[in-house]
Amino acid sequence: MPRKKTSSLKPIIESDAVREAAKALVEAVRSELAQRELGPESYEKAIRRIGRQRGRPLMVPMISSGRGHGARVFLADGTRKLDFISGIGMYGFGHGDDDLLETAVAAAASDVAFQGHLLPGPEYLGLTRALLKHAGTNLKHAWLSLSGAMANENALKVIFQKHAPADRIVVFENAFHGRTLATAEMSDRPGFREGLPLRGNVLQVPFFDPDREDSIEHSVAVLEEHLHRYPDQIAGMCFELVQGEGGFKTAPREFFTALMEHCRNNGVAVWVDEVQTFARTGELFAFRTFDLEAWVDVVTVGKILQGSAMLCTKSYNPKPGLVSGTYAGSTVGMALGQRIIERMDEEGYLGLEGRVAVLGRRIEKRFESLEKRMPKAIGPRSGIGAMQAFVPWDGSPEIVSTVLHAAFEEGVILLSAGSNPSKIRMLPPVNTTDEELEACFSMLEKAMRRVAEECDLPC
Ligand SMILES: Cc1ncc(COP(=O)(O)O)c(C=O)c1O
């Protein structure tokens, strides 16, 4: 039989035969998993065992079955929860998405599970190309890596190399950039770096404060002070355009442009950490949602991408030897990352009227009506697109934790973020349906009414 000629670099799933076989395997795994539910006792035991093995219990007592549908995850005991935190961002297209599972299965069947920088495969090319295609005209290079923190390490290295011997980095108060030694020091969470040796090279600038009229001038003044105190020693400034762990706080464009302009005028690299914001603010890159392309030198992405990457302009292209490593990512992760970018683009998720922006507006509307019914319980809200948060009652960590616990019992997984006040955040799948939204808000309301009654709080 004559062999069909196709481009060897096209995604393998584009072959009908592979798609059909992948469908069959996904179905077979699904029905096998459905037979493997744990009874209540075994489930509790498994949760306790994970806690013992880690030396610390799970943050939320749950184990996934590996099955789910949309925003609903099926736990290993057969119960279903609405996952409105997407595994802190990685189930960005929800659970059990047929197309993504088939893409993953096909990628998994080629060679070994991971790919490196020495012998990259078609998925490596496809993902870096897809990222750069959407990153605007200035960002020319992309290096793949495994986690958000690793991408951030690469960003730090290219920035320090370009600006050597400058060795300081500016971050925002309440920032979070990861859990490696360097990124833990950049993160404003002292508890996350207890006992670690610190380099002392991180400088802080206050994030935008909507209650302060001179917030922009104040932050610029603090940056100026650092520049004055450490002339030629500051290599870069890292921006989270929507603070993730810091509480889904964002700022008007002028806040960012004022600081970025200062960075540019003083030879300081502008680095945007989009590990959490990628694909969640209306455009793939939040710096494009905020129209900041002209200032950005380095960008990092992760989470929803099923891997991570550092992108930079030509002038930040690192010298040979600085950035590499055995693993660039899993073949499955790369194939999925590329497919997720394609679907965001082709299925109407992007733009002012795109599905992510519309989802954000729908969540805001639901909060508005919940606030009308419970005006004393729903405090200030913040966020954008598929990143939304609110302060329940006084925003104390105890109240937040009580509401989260009650919401979990009602059937919805949410998480805390920020401090003083603490918030409850939603990081829902980008394809969340109206039915799922309605179910989430009805469970949240029930949970809050229960907490009001049990803790004697006003509604
Ligand atoms: C903004 C930001 N940067 C970096 C990270 C670290 O990513 P990872 O946990 O994949 O290392 C996170 C994780 O929450 C994040 O939100």
# chains A, B, ... in the order shown; residues from 1 in each chain; ligands from 1
>>> residues_around(residues="Ile384 in chain A", least_positions_apart="6", cutoff="8 Å", atoms="only C-alpha atoms", output="CSV table (one decimal) with C-alpha atoms, in the first residue's frame")
chain,number,residue,atom,x,y,z
A,242,VAL,CA,-3.3,40.4,38.8
A,250,THR,CA,-5.2,44.2,40.0
A,280,ARG,CA,-7.4,34.0,32.4
A,281,THR,CA,-7.7,37.7,31.7
A,357,ALA,CA,-14.3,38.1,29.5
A,360,GLY,CA,-15.9,37.2,34.3
>>> residues_near_ligand(ligand="ligand 1", cutoff="6 Å", atoms="only C-alpha atoms and all ligand atoms", output="NGL selection string")
:A and (147-149 or 176-178 or 244-245 or 273-276 or 303)
>>> write_last_selection(atoms="N, CA and C atoms", output="PDB file, in the first residue's frame")
ATOM      1  N   SER A 147       7.839  23.794  35.768  1.00  0.00           N
ATOM      2  CA  SER A 147       6.937  24.467  36.712  1.00  0.00           C
ATOM      3  C   SER A 147       7.049  25.982  36.571  1.00  0.00           C
ATOM      4  N   GLY A 148       6.086  26.672  37.153  1.00  0.00           N
ATOM      5  CA  GLY A 148       6.131  28.129  37.128  1.00  0.00           C
ATOM      6  C   GLY A 148       7.409  28.649  37.774  1.00  0.00           C
ATOM      7  N   ALA A 149       7.798  28.031  38.886  1.00  0.00           N
ATOM      8  CA  ALA A 149       9.000  28.489  39.589  1.00  0.00           C
ATOM      9  C   ALA A 149      10.244  28.299  38.722  1.00  0.00           C
ATOM     10  N   PHE A 176       3.703  36.670  44.849  1.00  0.00           N
ATOM     11  CA  PHE A 176       4.070  35.258  44.979  1.00  0.00           C
ATOM     12  C   PHE A 176       4.680  34.819  43.656  1.00  0.00           C
ATOM     13  N   HIS A 177       5.892  34.241  43.725  1.00  0.00           N
ATOM     14  CA  HIS A 177       6.562  33.845  42.485  1.00  0.00           C
ATOM     15  C   HIS A 177       7.085  32.416  42.510  1.00  0.00           C
ATOM     16  N   GLY A 178       6.799  31.656  43.563  1.00  0.00           N
ATOM     17  CA  GLY A 178       7.206  30.257  43.543  1.00  0.00           C
ATOM     18  C   GLY A 178       7.910  29.825  44.815  1.00  0.00           C
ATOM     19  N   GLY A 244      -1.907  36.798  42.211  1.00  0.00           N
ATOM     20  CA  GLY A 244      -2.597  35.527  42.407  1.00  0.00           C
ATOM     21  C   GLY A 244      -2.754  35.198  43.879  1.00  0.00           C
ATOM     22  N   GLU A 245      -1.696  34.628  44.470  1.00  0.00           N
ATOM     23  CA  GLU A 245      -1.758  34.262  45.887  1.00  0.00           C
ATOM     24  C   GLU A 245      -2.014  35.505  46.737  1.00  0.00           C
ATOM     25  N   ASP A 273       5.273  38.156  35.405  1.00  0.00           N
ATOM     26  CA  ASP A 273       5.031  36.771  35.821  1.00  0.00           C
ATOM     27  C   ASP A 273       3.561  36.456  35.556  1.00  0.00           C
ATOM     28  N   GLU A 274       3.336  35.666  34.483  1.00  0.00           N
ATOM     29  CA  GLU A 274       1.965  35.330  34.078  1.00  0.00           C
ATOM     30  C   GLU A 274       1.654  33.864  34.376  1.00  0.00           C
ATOM     31  N   VAL A 275       2.338  33.304  35.352  1.00  0.00           N
ATOM     32  CA  VAL A 275       2.136  31.889  35.647  1.00  0.00           C
ATOM     33  C   VAL A 275       0.659  31.625  35.974  1.00  0.00           C
ATOM     34  N   GLN A 276       0.041  32.517  36.745  1.00  0.00           N
ATOM     35  CA  GLN A 276      -1.361  32.310  37.107  1.00  0.00           C
ATOM     36  C   GLN A 276      -2.324  33.013  36.138  1.00  0.00           C
ATOM     37  N   LYS A 303       1.011  26.868  34.757  1.00  0.00           N
ATOM     38  CA  LYS A 303      -0.293  26.381  35.205  1.00  0.00           C
ATOM     39  C   LYS A 303      -1.182  25.804  34.100  1.00  0.00           C
TER      40      LYS A 303
END
>>> residues_around(residues="Ala130 in chain A", least_positions_apart="3", cutoff="12 Å", atoms="only C-alpha atoms", output="ChimeraX atom specification")
/A:123-127,133-136,140-142,284,305,309,311,334-345
>>> write_last_selection(atoms="C-alpha atoms", output="CSV table (one decimal), in the first residue's frame")
chain,number,residue,atom,x,y,z
A,123,GLU,CA,5.5,19.0,20.5
A,124,TYR,CA,8.4,21.2,21.7
A,125,LEU,CA,8.4,23.0,18.4
A,126,GLY,CA,4.6,23.3,18.3
A,127,LEU,CA,4.3,24.7,21.8
A,133,LYS,CA,2.7,33.6,17.8
A,134,HIS,CA,0.5,35.1,20.6
A,135,ALA,CA,3.1,37.0,22.4
A,136,GLY,CA,3.2,40.0,20.1
A,140,LYS,CA,11.3,36.4,20.1
A,141,HIS,CA,12.6,33.5,22.2
A,142,ALA,CA,10.9,30.9,24.3
A,284,LEU,CA,-3.7,34.7,26.5
A,305,LEU,CA,-0.3,25.4,30.0
A,309,ALA,CA,7.9,28.7,29.7
A,311,LEU,CA,9.8,34.2,26.8
A,334,MET,CA,3.5,20.2,25.5
A,335,ALA,CA,0.9,18.7,23.2
A,336,LEU,CA,-1.8,19.8,25.6
A,337,GLY,CA,-0.3,23.3,26.0
A,338,GLN,CA,-0.3,23.8,22.2
A,339,ARG,CA,-3.9,22.4,21.9
A,340,ILE,CA,-5.1,24.7,24.7
A,341,ILE,CA,-3.7,27.7,23.0
A,342,GLU,CA,-5.2,26.7,19.7
A,343,ARG,CA,-8.6,26.2,21.3
A,344,MET,CA,-8.5,29.4,23.2
A,345,ASP,CA,-7.9,31.1,19.9
>>> closest_residue(among="A:Val358, A:Cys459, A:Cys263, A:Leu427", to="Gly247 in chain A", atoms="only C-alpha atoms")
A:Leu427
>>> select_by_dssp(residues="range 70-223 of chain A", states="helix (DSSP H, G or I)", output="VMD selection string")
chain A and resid 86 to 89 98 to 108 122 to 133 148 to 163 181 to 186 190 to 193 215 to 223
>>> residues_around(residues="Glu368 in chain A", least_positions_apart="3", cutoff="12 Å", atoms="only C-alpha atoms", output="list of chain:residue names")
A:Arg361, A:Arg362, A:Ile363, A:Glu364, A:Lys365, A:Glu371, A:Lys372, A:Arg373, A:Met374, A:Pro375, A:Ile378, A:Gly379, A:Pro380, A:Arg381, A:Phe390, A:Phe441
>>> residues_around(residues="range 285-300 of chain A", least_positions_apart="2", cutoff="9 Å", atoms="only C-alpha atoms", output="number ranges by chain")
A: 134-139, 148, 151-152, 154-155, 158-159, 241-242, 252-253, 256-257, 260-261, 263-264, 269-275, 277-283, 302, 308-316, 351-352
>>> residues_around(residues="Ile399 in chain A", least_positions_apart="4", cutoff="12 Å", atoms="only C-alpha atoms", output="PyMOL selection string")
chain A and resi 377+391-395+403-406+416+421-424+447-448+451-452+454-457
